[in-house]
Structure formats: C-alpha cells, structure tokens
Amino acid sequence: MNAQTQTVFRPPVDKTAWLGTDPIPARPYYDPAYYELERKAIFMRSWLNIGHVSELPEPGSFIRRELEFAEASLLIVRGKDGVIRAFHNVCTHRATQLVSEAEGRANAFICPYHMWNFGLDGQLRSAPEFENFHTTKEDCALKQVAVDVCGGLIFVNLDRNPAQSLRDYLGEHLVGRLEMAPVAQATGFSEYVYELEANWKMDYDNFQESYHLKFIHSRTGAPSFTAGNPFGHSQTYDFYGPHRTQTFWPHVDMEAASPIQQAILGAAVTFMTERGLIPNPTNREYYALFPNFFLLGSPTQHFSHVVYPLTARKSRGVVRLYWVGEPKCASEMLAREYAFVVTRDIHSEDVDVIRAGQRGMNSGALDHIHFQQMESLCRHLYLVSSGMVESYRDEQAAGGEAA
Amino acid sequence: MSARQNLPAGFEALVPFVARWAAATTAERARRRSDSTAEERQTFFDAAAPRLQAAMAYLDAKPLPELDDADKRLLNLMMGFSHVQMAVEVHRETEPRHAAWREAMVITHSATDLA
C-alpha cells in the first residue's frame, strides 16, 4: 500500500526495530556531570546551525552569535571576496571581545581596548606601537572557526580540526534535500526565541514525537487528527547516521479550522505554488540534523528549530520561519504573518509540559524512562548522543587529548 | 476622524478598531492580542471577519511598495486580525492560558513589519 492510498495508520516497525526496545536511563536528561560529558563529546565538536546566508547579504556583513555552552562569542563575516568566515570574537592581543553589536556591516573589526585593527579576513592589519611587541602580524590573526553552508544554512564546528566536513557529516541524501528545500532559496525570516528550564534533549524530544499532539495541541492540531490516524502520527521514519527524518501523514482529508483559516492558508499555498515551492520532495518531510537542529519541509510553515543547551537543565530554542522572496502582494504578507502566529501559538502550548517533565526528572524519582514506537526519533537521539559520550569516555581513558 | 486613523474608502466601519489593532509590528500585534479582553477580541473579530476578503482584494490590486499610509493601516489591521482569529476561533475560552504560555516565545525578528 503506497502513501497515496494508505488510509489507516500503522507504526513503521520495519524502520525502527533496529533501535531496540530497552528502557532509557533517566540520568542523562538531568545530571550536570553527564551534561558536561555531552558538552565536550557532542557540542564542542559537532556541526551546529548558527544562521542563514540571507543574514550576510554583502561583503562586510557580519553577525555575532553567542554559544553559551562553549562560553564562546563568534563573528560570522562575509569577506570582500564573498567568502563566509567565522572567527572567535576575541582580540588576539589580550582577548578583549571585539564586537558588541549583534549584526551589521563593517570594513574592519577594531578592538576598543588598544585599537588593534583586523580585516574581514581576520588578518591583523595594524596595531599601535606594534614594533614594541615580540610577535608578528601573521601570528596575530583572529582565531578562525570551521564554517560551511548547506541549503543556505550556516553551520560552525568548534573543533579546531573537525573530524568530517559538513557535507560528509550530513551525507549525500540530506545535503541534496537541504539544497532543494525552500530554505536554500530563502531571502528572509521571522524568528522567536525562548529559554526553558529543560535539558536540551527534553526540549528537543518534544518536537520529535507525535504522541503528545492529540493532548497538548487538541485544538491547534485538530485538523491532523483523522479517523484513520487519530494521533496525527507521521507516516514513516528514516535514519541517516546520527540524523533522522520523518514523513508526515498525507492529509488528503484535512480541513482547516474555519473558513477564514482556509482562505488565508489557501492563499499561502497558491503563492508557494506560484514560486515553484509546491510541489517539492521536501514538502512533507522533517529533517533532524544531529545534535540540535530540525527543519520542517512544509512550505507554508517552513521553519527551523534549533535547541542550544545552556546548562544541564536549561536550554534556548530559536525558531525561524524562512521566506523565499519579498512578498508579492498584501495577501502574501498576511499569509506569512498568519503562518508565524500559528506556529508560535502551537509551540507555546508545549512549554509547560516540557518544564513539568524536567522538574520530574530533576527529582531523581525515575531510573528509567520509556519510549514507544512513535517516539523512536527520541530513542535514536539518545542512542546516538550516549554513543558519542561513551566514545569520548573511551578516548579519555585511552589517554586521548583532553578537551 | 483623525488622519492618523483613516482607512481607504469603503472600510470606514473598521476605523474604530485602528487605534487598538493596527499596530506596525508583529511583536506589537502579538502583545495587543495578549493584552486584550475576550469582548474586545470578539467585537473586532465580528467587525473585521466579513470585510477580510474585500480588504485583501483592495490591497492586492496595488503593488506593495505603492501602498499609502491608509492602505498600510488597513494591512496592519488585517494582520492584527490574523492574531485575533486564532484567539477567537481556535483557542476560544482557553485564550488567557495561551496568552501566558506565549510570553515565553519572544519575537525577535519579523519579515512582516511594514516600513
């Protein structure tokens, strides 16, 4: 039975059996010592989404991004040669942070302390009384951070020598899909940000599973709950190394909540179709890139969600709805506003239950938690992340380089 | 009628809602929805819902860069309406609880703020 004719949901057990059925230890979801291992084993050396090329429209455009888990401040800059580079926002003289603006345009980065002047390529151009130092300008270039782009999305890797290039890390299939998704052509975005008293996996997992939709999004999600698929589950899952995808149910029988909603969303579909974004092989896909990023392929609510860890029990979510091209008319503007409102409304419904889950975890009452078939993406995230923590422990035990 | 609140001809019935609902940014539109009473939302919804289609047809007849101040006010009003629609038609009596939850989701960037 193919996707077009399937009318009754069945768990995709053939896709998930290899993940096993064991209970999952609870400690990794609240323990500060475990978080410290994750920080070093995962976040200090994985490719992390940090922005989009539309934020760096011309030579000299820069954004500053704070990565609290690393106590790092990064400058991501488009050079005069058009190349995107990333640097630590740290003067090589005595470590003063160079830039306080969140974004902007610059011809150079000048340290406010002693006026060291760095080019957009990170080279030290001039410094007062430099002849009195005992070093060379070449040795004083800004400290570069690995950066690459896929599907318009900018990724950085804090490892000084990343084990894999971004493209090798994502793999051919996901690179291809990201490059064909609307985000690859996006010219702008709308964004909301939240901080939550929850471990990064507690936060992220909520958005990987469909089991909660019927209860937490009973009204906003109502159109997805149909007779053949009362929980609004995804049709199937796929796994690509540390990454994972889900394919949403083909809701041929879905109805909007009201005629007004139908009118606004119907117009949105028309605009997306005119722009060539519908149909697209990514339209019903969800792409989870390890460790903390996912993208919804849905063209009308085409959003990315990145969960940055802050502490063992706190995280920050950044949600962006990406737009392709300037709106052609007022109705397209309204459609974008409404997509943003709906997405934010739905996400805000999750906040209380995620917090409540974290408080329960923190009590230490549970030794284990349980994931059902339709929480297989959560299970996969645990298996991948705990595997990386184990490898890191092995490296340390074998006398590997200390992080 | 203040010039700062006027709307294009044919939409006079919505003028009383301009001061409250035609805010210039997404973040402000969201804030006004959350700060409003159920009665305020319902009154605005009842007045604007039957005029949404006509308003958008009127606005769509002009390229966006050619919208004058009254046109932009009408567009902002309709974008404000799209927030209120969620409250009135979807969340209904649970809207106050949702307003509290939405506080956590801070709007940091919007591509639908009219210049």
# chains A, B, ... in the order shown; residues from 1 in each chain; ligands from 1

$ interface_residues --of "chain B" --to "chain A" --cutoff "7 Å" --atoms "only C-alpha atoms" --output "PDB file with N, CA and C atoms, in the first residue's frame"
ATOM      1  N   MET B  56      -8.462  42.478   1.449  1.00  0.00           N
ATOM      2  CA  MET B  56      -7.296  41.906   0.782  1.00  0.00           C
ATOM      3  C   MET B  56      -7.389  42.090  -0.732  1.00  0.00           C
ATOM      4  N   LEU B  59      -6.326  45.648  -1.363  1.00  0.00           N
ATOM      5  CA  LEU B  59      -4.882  45.843  -1.180  1.00  0.00           C
ATOM      6  C   LEU B  59      -4.079  45.136  -2.274  1.00  0.00           C
ATOM      7  N   ASP B  60      -4.531  43.956  -2.686  1.00  0.00           N
ATOM      8  CA  ASP B  60      -3.790  43.180  -3.684  1.00  0.00           C
ATOM      9  C   ASP B  60      -3.798  43.846  -5.062  1.00  0.00           C
ATOM     10  N   PRO B  63       0.677  47.185  -6.118  1.00  0.00           N
ATOM     11  CA  PRO B  63       1.955  46.614  -5.678  1.00  0.00           C
ATOM     12  C   PRO B  63       2.267  47.098  -4.255  1.00  0.00           C
ATOM     13  N   LEU B  64       2.874  46.241  -3.456  1.00  0.00           N
ATOM     14  CA  LEU B  64       3.143  46.596  -2.052  1.00  0.00           C
ATOM     15  C   LEU B  64       3.871  47.932  -1.880  1.00  0.00           C
ATOM     16  N   LEU B  75      -3.721  47.096   6.025  1.00  0.00           N
ATOM     17  CA  LEU B  75      -2.972  45.834   6.020  1.00  0.00           C
ATOM     18  C   LEU B  75      -2.548  45.454   7.441  1.00  0.00           C
ATOM     19  N   MET B  79      -3.519  42.135   9.498  1.00  0.00           N
ATOM     20  CA  MET B  79      -2.521  41.256  10.124  1.00  0.00           C
ATOM     21  C   MET B  79      -2.822  41.130  11.622  1.00  0.00           C
ATOM     22  N   SER B  82      -5.422  38.593  12.039  1.00  0.00           N
ATOM     23  CA  SER B  82      -4.985  37.190  11.939  1.00  0.00           C
ATOM     24  C   SER B  82      -4.541  36.647  13.305  1.00  0.00           C
ATOM     25  N   HIS B  83      -4.034  37.525  14.169  1.00  0.00           N
ATOM     26  CA  HIS B  83      -3.717  37.103  15.546  1.00  0.00           C
ATOM     27  C   HIS B  83      -5.010  36.819  16.307  1.00  0.00           C
ATOM     28  N   VAL B  90      -9.941  29.484  17.418  1.00  0.00           N
ATOM     29  CA  VAL B  90      -9.241  28.239  17.749  1.00  0.00           C
ATOM     30  C   VAL B  90      -9.143  28.042  19.269  1.00  0.00           C
ATOM     31  N   HIS B  91      -8.549  29.014  19.981  1.00  0.00           N
ATOM     32  CA  HIS B  91      -8.349  28.811  21.428  1.00  0.00           C
ATOM     33  C   HIS B  91      -9.623  29.073  22.241  1.00  0.00           C
ATOM     34  N   HIS B  98      -3.317  30.485  26.959  1.00  0.00           N
ATOM     35  CA  HIS B  98      -2.371  30.554  25.850  1.00  0.00           C
ATOM     36  C   HIS B  98      -1.568  31.849  25.875  1.00  0.00           C
ATOM     37  N   TRP B 101       1.295  31.331  28.114  1.00  0.00           N
ATOM     38  CA  TRP B 101       2.318  30.466  27.503  1.00  0.00           C
ATOM     39  C   TRP B 101       3.120  31.213  26.450  1.00  0.00           C
ATOM     40  N   ARG B 102       2.423  32.054  25.680  1.00  0.00           N
ATOM     41  CA  ARG B 102       3.116  32.753  24.584  1.00  0.00           C
ATOM     42  C   ARG B 102       4.176  33.722  25.076  1.00  0.00           C
ATOM     43  N   ALA B 104       6.557  33.183  26.804  1.00  0.00           N
ATOM     44  CA  ALA B 104       7.881  32.545  26.731  1.00  0.00           C
ATOM     45  C   ALA B 104       8.499  32.693  25.351  1.00  0.00           C
ATOM     46  N   MET B 105       7.658  32.869  24.334  1.00  0.00           N
ATOM     47  CA  MET B 105       8.133  32.876  22.941  1.00  0.00           C
ATOM     48  C   MET B 105       8.345  34.315  22.489  1.00  0.00           C
ATOM     49  N   VAL B 106       9.532  34.816  22.654  1.00  0.00           N
ATOM     50  CA  VAL B 106       9.828  36.231  22.418  1.00  0.00           C
ATOM     51  C   VAL B 106      10.104  36.463  20.933  1.00  0.00           C
ATOM     52  N   ILE B 107       9.338  37.355  20.343  1.00  0.00           N
ATOM     53  CA  ILE B 107       9.512  37.646  18.916  1.00  0.00           C
ATOM     54  C   ILE B 107      10.731  38.545  18.744  1.00  0.00           C
ATOM     55  N   THR B 108      11.717  38.039  18.028  1.00  0.00           N
ATOM     56  CA  THR B 108      12.989  38.754  17.896  1.00  0.00           C
ATOM     57  C   THR B 108      13.211  39.311  16.493  1.00  0.00           C
ATOM     58  N   HIS B 109      12.415  38.850  15.531  1.00  0.00           N
ATOM     59  CA  HIS B 109      12.641  39.288  14.152  1.00  0.00           C
ATOM     60  C   HIS B 109      11.358  39.028  13.373  1.00  0.00           C
ATOM     61  N   SER B 110      10.935  39.986  12.578  1.00  0.00           N
ATOM     62  CA  SER B 110       9.759  39.754  11.743  1.00  0.00           C
ATOM     63  C   SER B 110       9.974  40.319  10.357  1.00  0.00           C
ATOM     64  N   ALA B 111       9.613  39.528   9.365  1.00  0.00           N
ATOM     65  CA  ALA B 111       9.707  39.976   7.978  1.00  0.00           C
ATOM     66  C   ALA B 111       8.411  40.632   7.530  1.00  0.00           C
ATOM     67  N   THR B 112       7.427  40.732   8.444  1.00  0.00           N
ATOM     68  CA  THR B 112       6.143  41.332   8.067  1.00  0.00           C
ATOM     69  C   THR B 112       5.888  42.631   8.832  1.00  0.00           C
TER      70      THR B 112
END

$ residues_around --residues "segment 49-63 of chain A" --least-positions-apart "6" --cutoff "9 Å" --atoms "only C-alpha atoms" --output "PyMOL selection string"
chain A and resi 74-84+101-108+120+149+151-156+183-189+292-293+306

$ select_by_dssp --residues "segment 26-89 of chain A" --states "helix (DSSP H, G or I)" --output "MDAnalysis selection string"
chainID A and resid 27:29 32:43 53:55 68:70

$ write_last_selection --atoms "N, CA and C atoms" --output "PDB file, in the first residue's frame"
ATOM      1  N   ARG A  27      19.044   9.513  33.932  1.00  0.00           N
ATOM      2  CA  ARG A  27      20.083  10.440  34.381  1.00  0.00           C
ATOM      3  C   ARG A  27      20.604  11.379  33.277  1.00  0.00           C
ATOM      4  N   PRO A  28      20.781  10.891  32.054  1.00  0.00           N
ATOM      5  CA  PRO A  28      21.292  11.794  31.003  1.00  0.00           C
ATOM      6  C   PRO A  28      20.397  12.993  30.732  1.00  0.00           C
ATOM      7  N   TYR A  29      19.198  12.990  31.259  1.00  0.00           N
ATOM      8  CA  TYR A  29      18.269  14.081  30.983  1.00  0.00           C
ATOM      9  C   TYR A  29      18.279  15.154  32.077  1.00  0.00           C
ATOM     10  N   PRO A  32      24.106  17.076  35.849  1.00  0.00           N
ATOM     11  CA  PRO A  32      25.125  18.039  35.384  1.00  0.00           C
ATOM     12  C   PRO A  32      26.427  17.375  34.928  1.00  0.00           C
ATOM     13  N   ALA A  33      26.827  16.295  35.584  1.00  0.00           N
ATOM     14  CA  ALA A  33      28.079  15.634  35.190  1.00  0.00           C
ATOM     15  C   ALA A  33      27.941  15.007  33.800  1.00  0.00           C
ATOM     16  N   TYR A  34      26.774  14.432  33.533  1.00  0.00           N
ATOM     17  CA  TYR A  34      26.545  13.854  32.209  1.00  0.00           C
ATOM     18  C   TYR A  34      26.489  14.947  31.152  1.00  0.00           C
ATOM     19  N   TYR A  35      25.845  16.044  31.494  1.00  0.00           N
ATOM     20  CA  TYR A  35      25.774  17.175  30.550  1.00  0.00           C
ATOM     21  C   TYR A  35      27.176  17.667  30.198  1.00  0.00           C
ATOM     22  N   GLU A  36      28.049  17.689  31.178  1.00  0.00           N
ATOM     23  CA  GLU A  36      29.418  18.144  30.919  1.00  0.00           C
ATOM     24  C   GLU A  36      30.103  17.224  29.895  1.00  0.00           C
ATOM     25  N   LEU A  37      29.821  15.923  29.999  1.00  0.00           N
ATOM     26  CA  LEU A  37      30.364  14.989  29.005  1.00  0.00           C
ATOM     27  C   LEU A  37      29.759  15.254  27.624  1.00  0.00           C
ATOM     28  N   GLU A  38      28.453  15.478  27.575  1.00  0.00           N
ATOM     29  CA  GLU A  38      27.797  15.772  26.290  1.00  0.00           C
ATOM     30  C   GLU A  38      28.360  17.049  25.663  1.00  0.00           C
ATOM     31  N   ARG A  39      28.575  18.012  26.517  1.00  0.00           N
ATOM     32  CA  ARG A  39      29.089  19.299  26.033  1.00  0.00           C
ATOM     33  C   ARG A  39      30.404  19.083  25.285  1.00  0.00           C
ATOM     34  N   LYS A  40      31.288  18.306  25.894  1.00  0.00           N
ATOM     35  CA  LYS A  40      32.603  18.074  25.282  1.00  0.00           C
ATOM     36  C   LYS A  40      32.521  17.063  24.135  1.00  0.00           C
ATOM     37  N   ALA A  41      31.743  16.005  24.329  1.00  0.00           N
ATOM     38  CA  ALA A  41      31.713  14.915  23.337  1.00  0.00           C
ATOM     39  C   ALA A  41      30.893  15.283  22.106  1.00  0.00           C
ATOM     40  N   ILE A  42      29.910  16.151  22.295  1.00  0.00           N
ATOM     41  CA  ILE A  42      28.981  16.447  21.200  1.00  0.00           C
ATOM     42  C   ILE A  42      29.095  17.907  20.755  1.00  0.00           C
ATOM     43  N   PHE A  43      28.773  18.827  21.656  1.00  0.00           N
ATOM     44  CA  PHE A  43      28.593  20.214  21.206  1.00  0.00           C
ATOM     45  C   PHE A  43      29.902  20.919  20.861  1.00  0.00           C
ATOM     46  N   VAL A  53      22.491  32.360   5.216  1.00  0.00           N
ATOM     47  CA  VAL A  53      23.244  33.254   4.325  1.00  0.00           C
ATOM     48  C   VAL A  53      22.514  34.575   4.067  1.00  0.00           C
ATOM     49  N   SER A  54      21.174  34.581   4.203  1.00  0.00           N
ATOM     50  CA  SER A  54      20.442  35.837   3.965  1.00  0.00           C
ATOM     51  C   SER A  54      20.805  36.902   4.995  1.00  0.00           C
ATOM     52  N   GLU A  55      21.428  36.499   6.100  1.00  0.00           N
ATOM     53  CA  GLU A  55      21.870  37.472   7.109  1.00  0.00           C
ATOM     54  C   GLU A  55      23.188  38.136   6.727  1.00  0.00           C
ATOM     55  N   GLU A  68      26.669  29.883  24.536  1.00  0.00           N
ATOM     56  CA  GLU A  68      26.928  29.864  25.982  1.00  0.00           C
ATOM     57  C   GLU A  68      27.547  28.550  26.437  1.00  0.00           C
ATOM     58  N   PHE A  69      27.154  27.444  25.814  1.00  0.00           N
ATOM     59  CA  PHE A  69      27.683  26.150  26.272  1.00  0.00           C
ATOM     60  C   PHE A  69      29.195  26.089  26.114  1.00  0.00           C
ATOM     61  N   ALA A  70      29.731  26.917  25.211  1.00  0.00           N
ATOM     62  CA  ALA A  70      31.176  26.957  24.990  1.00  0.00           C
ATOM     63  C   ALA A  70      31.793  28.232  25.567  1.00  0.00           C
TER      64      ALA A  70
END

$ closest_residue --among "A:Tyr169, A:Phe87, A:Trp200, A:Phe130" --to "Thr311 of chain A" --atoms "only C-alpha atoms"
A:Trp200

$ select_by_dssp --residues "chain B" --states "strand (DSSP E)" --output "ChimeraX atom specification"
/B:106-109

$ closest_residue --among "B:Arg41, B:Arg20, B:Arg4, B:Arg29" --to "Glu89 of chain B" --atoms "only C-alpha atoms"
B:Arg41

$ residues_around --residues "Phe109 of chain A" --least-positions-apart "6" --cutoff "7 Å" --atoms "only C-alpha atoms" --output "PyMOL selection string"
chain A and resi 98+117-119

$ atom_distance --atom1 "atom CA of Ala27 of chain B" --atom2 "atom CA of Arg92 of chain B"
21.2 Å

$ atom_distance --atom1 "atom CA of His114 of chain A" --atom2 "atom CA of Asp139 of chain A"
17.4 Å

$ residues_around --residues "Phe239 of chain A" --least-positions-apart "3" --cutoff "12 Å" --atoms "only C-alpha atoms" --output "list in words"
Lys15, Thr16, Ala17, Trp18, Leu19, Leu170, Gly171, His173, Leu174, Thr236, Pro242, His243, Arg244, Thr245, Gln246, Thr247, Tyr286, Tyr287, Ala288, Leu289, Phe290, Ser376, Leu377, Arg379, His380, Leu381 and Val384 of chain A

$ write_last_selection --atoms "C-alpha atoms" --output "short mmCIF file (atom, residue, chain, number, x, y, z; two decimals), in the first residue's frame"
data_model
loop_
_atom_site.label_atom_id
_atom_site.label_comp_id
_atom_site.auth_asym_id
_atom_site.auth_seq_id
_atom_site.Cartn_x
_atom_site.Cartn_y
_atom_site.Cartn_z
CA LYS A 15 12.07 1.16 10.13
CA THR A 16 12.51 1.25 13.90
CA ALA A 17 13.06 -2.35 15.07
CA TRP A 18 16.85 -1.96 14.94
CA LEU A 19 16.70 0.69 17.67
CA LEU A 170 25.30 15.32 6.66
CA GLY A 171 25.70 12.75 3.92
CA HIS A 173 20.90 12.35 0.82
CA LEU A 174 20.43 15.10 3.41
CA THR A 236 7.31 6.83 8.49
CA PRO A 242 23.30 10.42 13.56
CA HIS A 243 20.48 12.25 11.73
CA ARG A 244 16.84 11.26 11.27
CA THR A 245 13.79 12.22 9.26
CA GLN A 246 10.05 11.74 9.45
CA THR A 247 7.47 11.90 6.71
CA TYR A 286 11.06 16.76 8.72
CA TYR A 287 14.85 16.79 8.83
CA ALA A 288 16.54 16.35 12.20
CA LEU A 289 20.25 17.09 11.97
CA PHE A 290 22.25 15.89 14.94
CA SER A 376 11.59 6.29 18.00
CA LEU A 377 13.26 9.54 16.99
CA ARG A 379 15.21 6.88 21.20
CA HIS A 380 17.55 7.42 18.27
CA LEU A 381 18.74 10.77 19.65
CA VAL A 384 23.45 8.49 19.14
#
